[in-house]
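This is model18.pdb (PDB, C-alpha atoms).
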```
ATOM      1  CA  MET A  24     -45.207  -0.754  38.936
ATOM      2  CA  THR A  25     -44.818  -3.106  41.849
ATOM      3  CA  ARG A  26     -41.666  -3.852  43.753
ATOM      4  CA  VAL A  27     -39.942  -6.985  42.538
ATOM      5  CA  SER A  28     -38.324  -9.584  44.728
ATOM      6  CA  LEU A  29     -34.633 -10.397  44.849
ATOM      7  CA  ASP A  30     -35.319 -13.722  43.145
ATOM      8  CA  ASP A  31     -37.057 -11.986  40.269
ATOM      9  CA  ASP A  32     -34.041  -9.737  39.789
ATOM     10  CA  ILE A  33     -31.505 -12.554  39.496
ATOM     11  CA  THR A  34     -31.388 -13.270  35.769
ATOM     12  CA  ASN A  35     -29.439 -15.932  33.932
ATOM     13  CA  ARG A  36     -26.934 -13.362  32.802
ATOM     14  CA  GLN A  37     -26.337 -12.232  36.348
ATOM     15  CA  LEU A  38     -25.647 -15.789  37.443
ATOM     16  CA  GLU A  39     -23.325 -16.387  34.500
ATOM     17  CA  ASN A  40     -21.101 -13.357  34.852
ATOM     18  CA  GLY A  41     -21.108 -13.296  38.636
ATOM     19  CA  ALA A  42     -22.379  -9.737  39.019
ATOM     20  CA  ILE A  43     -25.784  -8.852  40.333
ATOM     21  CA  TYR A  44     -27.445  -6.113  38.303
ATOM     22  CA  CYS A  45     -31.030  -5.715  39.399
ATOM     23  CA  GLY A  46     -32.253  -4.409  36.072
ATOM     24  CA  ARG A  47     -34.251  -1.655  37.737
ATOM     25  CA  PHE A  48     -33.455   0.939  35.146
ATOM     26  CA  THR A  49     -33.706  -1.327  32.137
ATOM     27  CA  ARG A  50     -37.353  -1.714  33.164
ATOM     28  CA  ILE A  51     -38.325   1.809  33.984
ATOM     29  CA  PHE A  52     -36.192   3.788  31.545
ATOM     30  CA  GLY A  53     -37.493   2.245  28.353
ATOM     31  CA  ALA A  54     -39.159   4.077  25.486
ATOM     32  CA  LEU A  55     -42.680   3.609  26.871
ATOM     33  CA  LEU A  56     -43.526   6.755  28.770
ATOM     34  CA  ARG A  57     -46.967   7.448  30.170
ATOM     35  CA  ASP A  58     -48.846  10.326  28.555
ATOM     36  CA  ASP A  59     -50.893  11.019  31.679
ATOM     37  CA  ARG A  60     -47.899  11.904  33.870
ATOM     38  CA  ARG A  61     -47.424  15.651  34.079
ATOM     39  CA  ILE A  62     -45.932  18.045  36.579
ATOM     40  CA  PRO A  63     -48.593  20.550  37.751
ATOM     41  CA  GLU A  64     -48.815  23.673  35.614
ATOM     42  CA  GLU A  65     -47.899  25.925  38.519
ATOM     43  CA  GLY A  66     -44.568  24.214  38.866
ATOM     44  CA  PRO A  67     -41.359  25.800  37.528
ATOM     45  CA  PHE A  68     -41.020  23.203  34.789
ATOM     46  CA  VAL A  69     -43.605  21.166  32.893
ATOM     47  CA  TRP A  70     -42.446  17.678  32.030
ATOM     48  CA  THR A  71     -43.457  16.133  28.734
ATOM     49  CA  SER A  72     -42.410  12.910  27.091
ATOM     50  CA  PRO A  73     -39.017  13.728  25.477
ATOM     51  CA  ASP A  74     -38.041  13.161  21.883
ATOM     52  CA  ARG A  75     -34.886  11.064  21.770
ATOM     53  CA  ASP A  76     -32.099  13.030  20.102
ATOM     54  CA  ARG A  77     -28.794  11.495  21.074
ATOM     55  CA  TYR A  78     -25.306  12.187  19.772
ATOM     56  CA  LEU A  79     -24.342   8.503  19.867
ATOM     57  CA  ASP A  80     -26.450   5.684  18.510
ATOM     58  CA  GLY A  81     -27.803   3.260  21.102
ATOM     59  CA  GLY A  82     -26.250   0.371  19.220
ATOM     60  CA  LEU A  83     -22.803   1.680  20.087
ATOM     61  CA  PHE A  84     -23.459   1.203  23.806
ATOM     62  CA  LEU A  85     -24.642  -2.352  23.164
ATOM     63  CA  LYS A  86     -21.335  -3.116  21.438
ATOM     64  CA  LEU A  87     -19.310  -1.375  24.138
ATOM     65  CA  ASP A  88     -21.234  -3.371  26.746
ATOM     66  CA  GLU A  89     -20.267  -6.635  25.049
ATOM     67  CA  ALA A  90     -16.624  -5.551  24.771
ATOM     68  CA  CYS A  91     -16.402  -4.489  28.409
ATOM     69  CA  ARG A  92     -17.421  -7.965  29.568
ATOM     70  CA  GLN A  93     -13.935  -9.115  28.536
ATOM     71  CA  LEU A  94     -12.166  -6.687  30.878
ATOM     72  CA  THR A  95     -10.437  -7.790  34.069
ATOM     73  CA  SER A  96      -8.611  -6.286  37.074
ATOM     74  CA  LEU A  97      -8.663  -2.488  37.232
ATOM     75  CA  ASP A  98      -9.916  -2.324  33.652
ATOM     76  CA  ARG A  99     -13.307  -3.207  35.132
ATOM     77  CA  TYR A 100     -13.499   0.485  36.008
ATOM     78  CA  VAL A 101     -13.690   1.340  32.296
ATOM     79  CA  PRO A 102     -17.461   0.800  31.896
ATOM     80  CA  LEU A 103     -18.005   2.821  35.088
ATOM     81  CA  VAL A 104     -15.910   5.646  33.600
ATOM     82  CA  ILE A 105     -17.917   5.543  30.367
ATOM     83  CA  PHE A 106     -21.165   5.575  32.318
ATOM     84  CA  LEU A 107     -20.104   8.457  34.558
ATOM     85  CA  MET A 108     -18.927  10.552  31.619
ATOM     86  CA  VAL A 109     -22.300  10.188  29.881
ATOM     87  CA  GLU A 110     -24.386  10.747  33.021
ATOM     88  CA  THR A 111     -22.364  13.640  34.498
ATOM     89  CA  GLY A 112     -20.805  15.305  31.474
ATOM     90  CA  LEU A 113     -17.399  15.359  33.171
ATOM     91  CA  ARG A 114     -14.229  15.201  31.116
ATOM     92  CA  ILE A 115     -11.598  12.574  31.866
ATOM     93  CA  GLU A 116      -9.297  15.022  33.671
ATOM     94  CA  GLU A 117     -12.171  16.278  35.814
ATOM     95  CA  LEU A 118     -13.400  12.806  36.706
ATOM     96  CA  CYS A 119      -9.906  11.650  37.684
ATOM     97  CA  ALA A 120      -9.587  14.606  40.081
ATOM     98  CA  VAL A 121     -12.690  13.631  42.075
ATOM     99  CA  LYS A 122     -12.135  11.908  45.423
ATOM    100  CA  TRP A 123     -14.744  10.125  47.494
ATOM    101  CA  GLU A 124     -14.698  12.976  49.995
ATOM    102  CA  HIS A 125     -15.981  15.191  47.169
ATOM    103  CA  VAL A 126     -19.062  13.003  46.708
ATOM    104  CA  SER A 127     -22.295  13.203  48.709
ATOM    105  CA  LEU A 128     -24.424  10.248  47.695
ATOM    106  CA  GLU A 129     -27.230  11.224  50.046
ATOM    107  CA  LYS A 130     -27.480  14.753  48.643
ATOM    108  CA  ARG A 131     -26.618  13.566  45.115
ATOM    109  CA  ARG A 132     -23.886  16.149  44.687
ATOM    110  CA  MET A 133     -20.298  15.955  43.478
ATOM    111  CA  ASP A 134     -17.715  18.684  44.014
ATOM    112  CA  VAL A 135     -15.489  18.790  40.958
ATOM    113  CA  PRO A 136     -12.037  20.244  41.764
ATOM    114  CA  LYS A 137     -10.394  22.677  39.394
ATOM    115  CA  PRO A 138      -8.591  20.465  36.845
ATOM    116  CA  ARG A 139      -5.103  21.067  35.494
ATOM    117  CA  TRP A 140      -6.648  21.168  32.042
ATOM    118  CA  PRO A 141      -8.521  23.000  30.585
ATOM    119  CA  LYS A 142      -6.913  25.869  32.520
ATOM    120  CA  GLU A 143      -9.987  28.086  32.163
ATOM    121  CA  HIS A 144     -12.176  25.612  34.031
ATOM    122  CA  GLU A 145     -12.910  26.309  37.678
ATOM    123  CA  ALA A 146     -14.123  24.087  40.508
ATOM    124  CA  ARG A 147     -17.886  23.513  40.550
ATOM    125  CA  THR A 148     -20.607  21.321  42.037
ATOM    126  CA  ILE A 149     -22.719  19.058  39.830
ATOM    127  CA  VAL A 150     -25.807  16.898  40.361
ATOM    128  CA  LEU A 151     -25.674  13.098  40.388
ATOM    129  CA  SER A 152     -28.433  11.290  38.555
ATOM    130  CA  VAL A 153     -30.324   8.516  40.316
ATOM    131  CA  ARG A 154     -28.416   5.961  38.284
ATOM    132  CA  VAL A 155     -25.007   7.453  39.145
ATOM    133  CA  ARG A 156     -25.890   7.382  42.821
ATOM    134  CA  MET A 157     -26.911   3.726  42.450
ATOM    135  CA  TYR A 158     -23.613   2.625  40.919
ATOM    136  CA  LEU A 159     -21.422   4.694  43.219
ATOM    137  CA  GLU A 160     -23.247   3.272  46.241
ATOM    138  CA  GLU A 161     -22.411  -0.200  44.949
ATOM    139  CA  VAL A 162     -18.750   0.715  44.446
ATOM    140  CA  VAL A 163     -18.535   2.123  47.986
ATOM    141  CA  ALA A 164     -20.177  -0.988  49.424
ATOM    142  CA  ALA A 165     -17.775  -3.227  47.488
ATOM    143  CA  LEU A 166     -14.722  -1.284  48.676
ATOM    144  CA  LYS A 167     -15.943  -1.346  52.275
ATOM    145  CA  ALA A 168     -16.526  -5.105  52.061
ATOM    146  CA  ASP A 169     -12.827  -5.443  51.199
ATOM    147  CA  ASP A 170     -11.871  -2.949  53.920
ATOM    148  CA  SER A 171     -10.304  -0.754  51.227
ATOM    149  CA  PHE A 172     -12.548   2.309  51.195
ATOM    150  CA  ASP A 173     -10.571   5.516  51.688
ATOM    151  CA  PRO A 174     -12.487   8.827  51.567
ATOM    152  CA  SER A 175      -9.323  10.609  50.436
ATOM    153  CA  ALA A 176      -8.799   8.213  47.524
ATOM    154  CA  ALA A 177      -9.773   8.946  43.937
ATOM    155  CA  VAL A 178     -13.138   7.607  42.801
ATOM    156  CA  ILE A 179     -11.437   6.361  39.622
ATOM    157  CA  PRO A 180      -7.987   4.867  40.406
ATOM    158  CA  PHE A 181      -6.693   5.631  36.912
ATOM    159  CA  ALA A 182      -4.610   8.411  35.420
ATOM    160  CA  PRO A 183      -6.204  10.162  32.406
ATOM    161  CA  ALA A 184      -3.591   8.714  30.039
ATOM    162  CA  ALA A 185      -4.356   5.178  31.235
ATOM    163  CA  ILE A 186      -8.085   5.742  30.669
ATOM    164  CA  ARG A 187      -7.445   6.924  27.114
ATOM    165  CA  ARG A 188      -5.417   3.792  26.406
ATOM    166  CA  ALA A 189      -8.134   1.620  27.936
ATOM    167  CA  PHE A 190     -10.752   3.363  25.787
ATOM    168  CA  GLU A 191      -8.730   2.514  22.679
ATOM    169  CA  ARG A 192      -8.663  -1.156  23.699
ATOM    170  CA  VAL A 193     -12.421  -1.211  24.280
ATOM    171  CA  VAL A 194     -13.157   0.457  20.933
ATOM    172  CA  ASN A 195     -10.952  -2.119  19.208
ATOM    173  CA  LEU A 196     -12.656  -4.977  21.044
ATOM    174  CA  ALA A 197     -16.083  -3.586  20.124
ATOM    175  CA  GLN A 198     -14.977  -3.173  16.488
ATOM    176  CA  VAL A 199     -16.723   0.170  16.125
ATOM    177  CA  ASP A 200     -15.710   3.241  14.144
ATOM    178  CA  ILE A 201     -16.797   6.329  16.063
ATOM    179  CA  GLY A 202     -14.951   8.813  13.861
ATOM    180  CA  GLU A 203     -13.479  10.659  16.849
ATOM    181  CA  ALA A 204     -11.976   9.949  20.238
ATOM    182  CA  LEU A 205     -14.412   8.066  22.462
ATOM    183  CA  PHE A 206     -14.008  10.525  25.346
ATOM    184  CA  ASP A 207     -14.992  13.433  23.083
ATOM    185  CA  ALA A 208     -18.003  11.539  21.761
ATOM    186  CA  LEU A 209     -19.174  10.722  25.299
ATOM    187  CA  HIS A 210     -18.980  14.390  26.293
ATOM    188  CA  PHE A 211     -21.073  15.419  23.268
ATOM    189  CA  ASP A 212     -23.580  12.666  24.045
ATOM    190  CA  ALA A 213     -23.899  13.931  27.631
ATOM    191  CA  GLU A 214     -24.695  17.401  26.310
ATOM    192  CA  ALA A 215     -27.377  15.982  23.996
ATOM    193  CA  ARG A 216     -28.954  14.086  26.885
ATOM    194  CA  PHE A 217     -29.010  17.195  29.073
ATOM    195  CA  LYS A 218     -30.772  19.088  26.281
ATOM    196  CA  GLU A 219     -33.194  16.195  25.988
ATOM    197  CA  ALA A 220     -33.915  16.469  29.715
ATOM    198  CA  GLY A 221     -34.779  20.147  29.324
ATOM    199  CA  LEU A 222     -31.774  21.695  31.061
ATOM    200  CA  THR A 223     -31.279  25.364  30.238
ATOM    201  CA  LYS A 224     -28.031  26.687  28.762
ATOM    202  CA  THR A 225     -26.907  27.854  32.214
ATOM    203  CA  GLU A 226     -27.767  24.476  33.756
ATOM    204  CA  ARG A 227     -25.890  22.637  31.005
ATOM    205  CA  ASP A 228     -22.857  24.865  31.558
ATOM    206  CA  ILE A 229     -22.898  23.952  35.261
ATOM    207  CA  MET A 230     -22.910  20.241  34.475
ATOM    208  CA  LEU A 231     -20.573  20.295  31.478
ATOM    209  CA  GLY A 232     -18.246  23.078  32.499
ATOM    210  CA  SER A 233     -18.465  24.293  28.919
ATOM    211  CA  ALA A 234     -18.708  28.054  29.435
ATOM    212  CA  LEU A 235     -15.606  30.229  29.021
ATOM    213  CA  ARG A 236     -16.110  31.428  32.580
ATOM    214  CA  ILE A 237     -17.826  28.874  34.778
ATOM    215  CA  LEU A 238     -19.941  30.340  37.534
ATOM    216  CA  PRO A 239     -20.768  28.077  40.485
ATOM    217  CA  GLY A 240     -24.381  26.949  40.360
ATOM    218  CA  SER A 241     -26.695  28.203  43.070
ATOM    219  CA  GLN A 242     -28.653  25.792  45.253
ATOM    220  CA  ALA A 243     -31.720  26.692  43.182
ATOM    221  CA  ASP A 244     -29.840  25.832  39.968
ATOM    222  CA  LEU A 245     -28.762  22.461  41.349
ATOM    223  CA  ALA A 246     -32.266  21.658  42.628
ATOM    224  CA  SER A 247     -33.714  22.500  39.206
ATOM    225  CA  ILE A 248     -31.159  20.297  37.458
ATOM    226  CA  GLN A 249     -31.923  17.405  39.810
ATOM    227  CA  ASP A 250     -35.679  17.684  39.255
ATOM    228  CA  LYS A 251     -35.301  17.777  35.489
ATOM    229  CA  LEU A 252     -32.960  14.789  35.417
ATOM    230  CA  ASP A 253     -35.389  12.864  37.632
ATOM    231  CA  TRP A 254     -38.445  13.791  35.572
ATOM    232  CA  HIS A 255     -36.614  12.762  32.422
ATOM    233  CA  LEU A 256     -35.640   9.327  33.740
ATOM    234  CA  LEU A 257     -38.576   8.587  36.021
ATOM    235  CA  ASP A 258     -41.501   9.305  33.729
ATOM    236  CA  GLY A 259     -42.257  12.739  35.135
ATOM    237  CA  GLN A 260     -41.623  11.978  38.794
ATOM    238  CA  THR A 261     -38.906  13.009  41.194
ATOM    239  CA  TYR A 262     -36.912  10.290  42.910
ATOM    240  CA  GLU A 263     -38.728  10.956  46.184
ATOM    241  CA  GLU A 264     -42.071  10.427  44.440
ATOM    242  CA  ALA A 265     -40.973   7.280  42.601
ATOM    243  CA  ARG A 266     -38.639   5.617  45.110
ATOM    244  CA  ASP A 267     -41.206   3.277  46.729
ATOM    245  CA  ASN A 268     -42.112   1.784  43.350
ATOM    246  CA  LEU A 269     -38.593   1.337  42.023
ATOM    247  CA  PRO A 270     -37.212  -2.214  42.049
ATOM    248  CA  VAL A 271     -34.178  -1.041  43.969
ATOM    249  CA  ILE A 272     -31.890  -3.431  45.796
ATOM    250  CA  PRO A 273     -29.647  -1.741  48.394
ATOM    251  CA  ALA A 274     -25.938  -2.150  47.659
ATOM    252  CA  ASP A 275     -25.242  -4.182  50.811
ATOM    253  CA  GLN A 276     -28.023  -6.609  49.889
ATOM    254  CA  ILE A 277     -26.486  -7.103  46.442
ATOM    255  CA  ILE A 278     -23.283  -8.212  48.136
ATOM    256  CA  SER A 279     -25.244 -10.567  50.409
ATOM    257  CA  VAL A 280     -26.941 -12.148  47.383
ATOM    258  CA  ARG A 281     -23.603 -12.601  45.598
ATOM    259  CA  GLU A 282     -22.192 -14.349  48.647
ATOM    260  CA  MET A 283     -25.284 -16.547  48.841
ATOM    261  CA  ILE A 284     -24.923 -17.522  45.179
ATOM    262  CA  ALA A 285     -21.245 -18.291  45.795
ATOM    263  CA  LYS A 286     -22.273 -20.711  48.564
ATOM    264  CA  TRP A 287     -24.566 -22.434  46.060
ATOM    265  CA  GLY A 288     -21.512 -22.985  43.853
ATOM    266  CA  ALA A 289     -22.959 -20.916  41.016
ATOM    267  CA  LEU A 290     -20.528 -18.030  41.426
ATOM    268  CA  GLU A 291     -16.813 -17.802  42.090
ATOM    269  CA  ILE A 292     -15.789 -14.662  43.960
ATOM    270  CA  PRO A 293     -12.084 -13.824  43.472
ATOM    271  CA  GLU A 294      -9.773 -12.946  46.304
ATOM    272  CA  ALA A 295      -9.428  -9.239  47.023
ATOM    273  CA  SER A 296      -6.166  -7.563  45.988
ATOM    274  CA  GLN A 297      -4.840  -4.170  44.916
ATOM    275  CA  THR A 298      -6.295  -4.742  41.449
ATOM    276  CA  VAL A 299      -9.354  -6.826  42.356
ATOM    277  CA  THR A 300     -12.459  -5.702  44.240
ATOM    278  CA  ARG A 301     -14.467  -8.813  45.010
ATOM    279  CA  HIS A 302     -17.930  -7.327  44.594
ATOM    280  CA  PHE A 303     -17.234  -4.641  42.014
ATOM    281  CA  PRO A 304     -20.568  -3.748  40.341
ATOM    282  CA  ASN A 305     -21.385  -4.903  36.871
ATOM    283  CA  VAL A 306     -21.946  -1.561  35.127
ATOM    284  CA  VAL A 307     -24.342  -2.384  32.306
ATOM    285  CA  LEU A 308     -23.739   0.098  29.493
ATOM    286  CA  ARG A 309     -26.720  -1.174  27.528
ATOM    287  CA  ILE A 310     -29.023   0.881  29.722
ATOM    288  CA  LEU A 311     -27.545   3.952  28.037
ATOM    289  CA  ALA A 312     -29.101   2.757  24.796
ATOM    290  CA  ALA A 313     -32.625   3.284  26.176
TER     291      ALA A 313
END
```
For the structure just supplied, provide its representation as structure tokens.
Amino acid sequence: MTRVSLDDDITNRQLENGAIYCGRFTRIFGALLRDDRRIPEEGPFVWTSPDRDRYLDGGLFLKLDEACRQLTSLDRYVPLVIFLMVETGLRIEELCAVKWEHVSLEKRRMDVPKPRWPKEHEARTIVLSVRVRMYLEEVVAALKADDSFDPSAAVIPFAPAAIRRAFERVVNLAQVDIGEALFDALHFDAEARFKEAGLTKTERDIMLGSALRILPGSQADLASIQDKLDWHLLDGQTYEEARDNLPVIPADQIISVREMIAKWGALEIPEASQTVTRHFPNVVLRILAA
């Protein structure tokens, strides 16, 4: 796969909705996985093309994606919350407790503080997928562009109760019947995806915090989780192996392109405020359907 240009990444949809999404993972995370890509036998884990066995149907994420396009102001965080819950396995209370100072984008780690609920859950460190790192980098860049990035601030500026109410609105807009609370369904879907990626029971407990007594993961545990998540999403490669061939646009360049499009008159960028981040990323939930 060859690197694509910025022009190639600007689709009609991106121009219409005013958010640049470079489509990198809609291209490389599809169902077509190469059969000749294998991790060497002497490695600790042998990657094979996974069988898709998800808790939630991909069509649900397509409908949620359509519904989330109607959101404005701080509600634009809702698709990011949905995405993070699926990719990290965090519960709402855990995600709301995370501050930017708990996140290392370079190391792809997130320190999850001990939540108020469930009481039996302890603090732990989890691994960030390549896609989570991508979106969080874009959020950080957008906040810095508005001079509003605060390392001590919460990653998600919502209280858990507000997120639950927002989820209800999105489900109603999407006109879907999940049969249970959306936040519960997302947690179960995260667990199914971790199983699909080949994480062991111990590794899943580290990510999901689902054991009765959560033991902090060792560095070896976290490295193993990261490799397996990468192999699962990158066709048997780690991020370091695949990075030069990924059509990745750095977050600051995305902002530059948006500003360029605004000068062309094809995009209106709103004024920054307490509820508006000018370059907030367009989190495309449809990539979760792949």
| said: Just want the 8 Å neighbourhood of A:Tyr78, counted on all atoms listed in the file, with same-chain residues fewer than 6 positions away dropped. Output as a list in words. | reply: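 Close residues of A:Tyr78: Ala208, Phe211, Asp212 and Ala215 of chain A.
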| task | Any chance you could resolve the PyMOL selection byres ((chain A and resi 98-107) around 8) against this file and give the residues as a VMD selection string? | result | chain A and resid 88 91 94 to 97 108 to 113 155 179 186 189 to 190 209 306 to 308 311
Taking the file as shown, find all residues satisfying the PyMOL selection byres ((chain A and resi 146) around 6) and write them as a PDB file with C-alpha atoms, in the coordinates of the input.
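Just written: part01.pdb:
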```
ATOM      1  CA  VAL A 135     -15.489  18.790  40.958  1.00  0.00           C
ATOM      2  CA  PRO A 136     -12.037  20.244  41.764  1.00  0.00           C
ATOM      3  CA  LYS A 137     -10.394  22.677  39.394  1.00  0.00           C
ATOM      4  CA  GLU A 145     -12.910  26.309  37.678  1.00  0.00           C
ATOM      5  CA  ARG A 147     -17.886  23.513  40.550  1.00  0.00           C
TER       6      ARG A 147
END
```
| query | With all atoms listed in the file as the atoms that count, which of A:Phe172, A:Phe217, A:Tyr158, A:Trp123 lies nearest to A:Ile248? | reply |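 Using all atoms listed in the file, the shortest distance to A:Ile248 belongs to A:Phe217.
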Could you put an axis-aligned box around every listed atom of stretch 180-193 of chain A, padded by 5 Å on each side, and send me its centre and edge lengths in Å to one decimal, as lines of an AutoDock Vina configuration file?
```
center_x = -8.0
center_y = 4.5
center_z = 31.5
size_x = 18.8
size_y = 21.4
size_z = 27.7
```
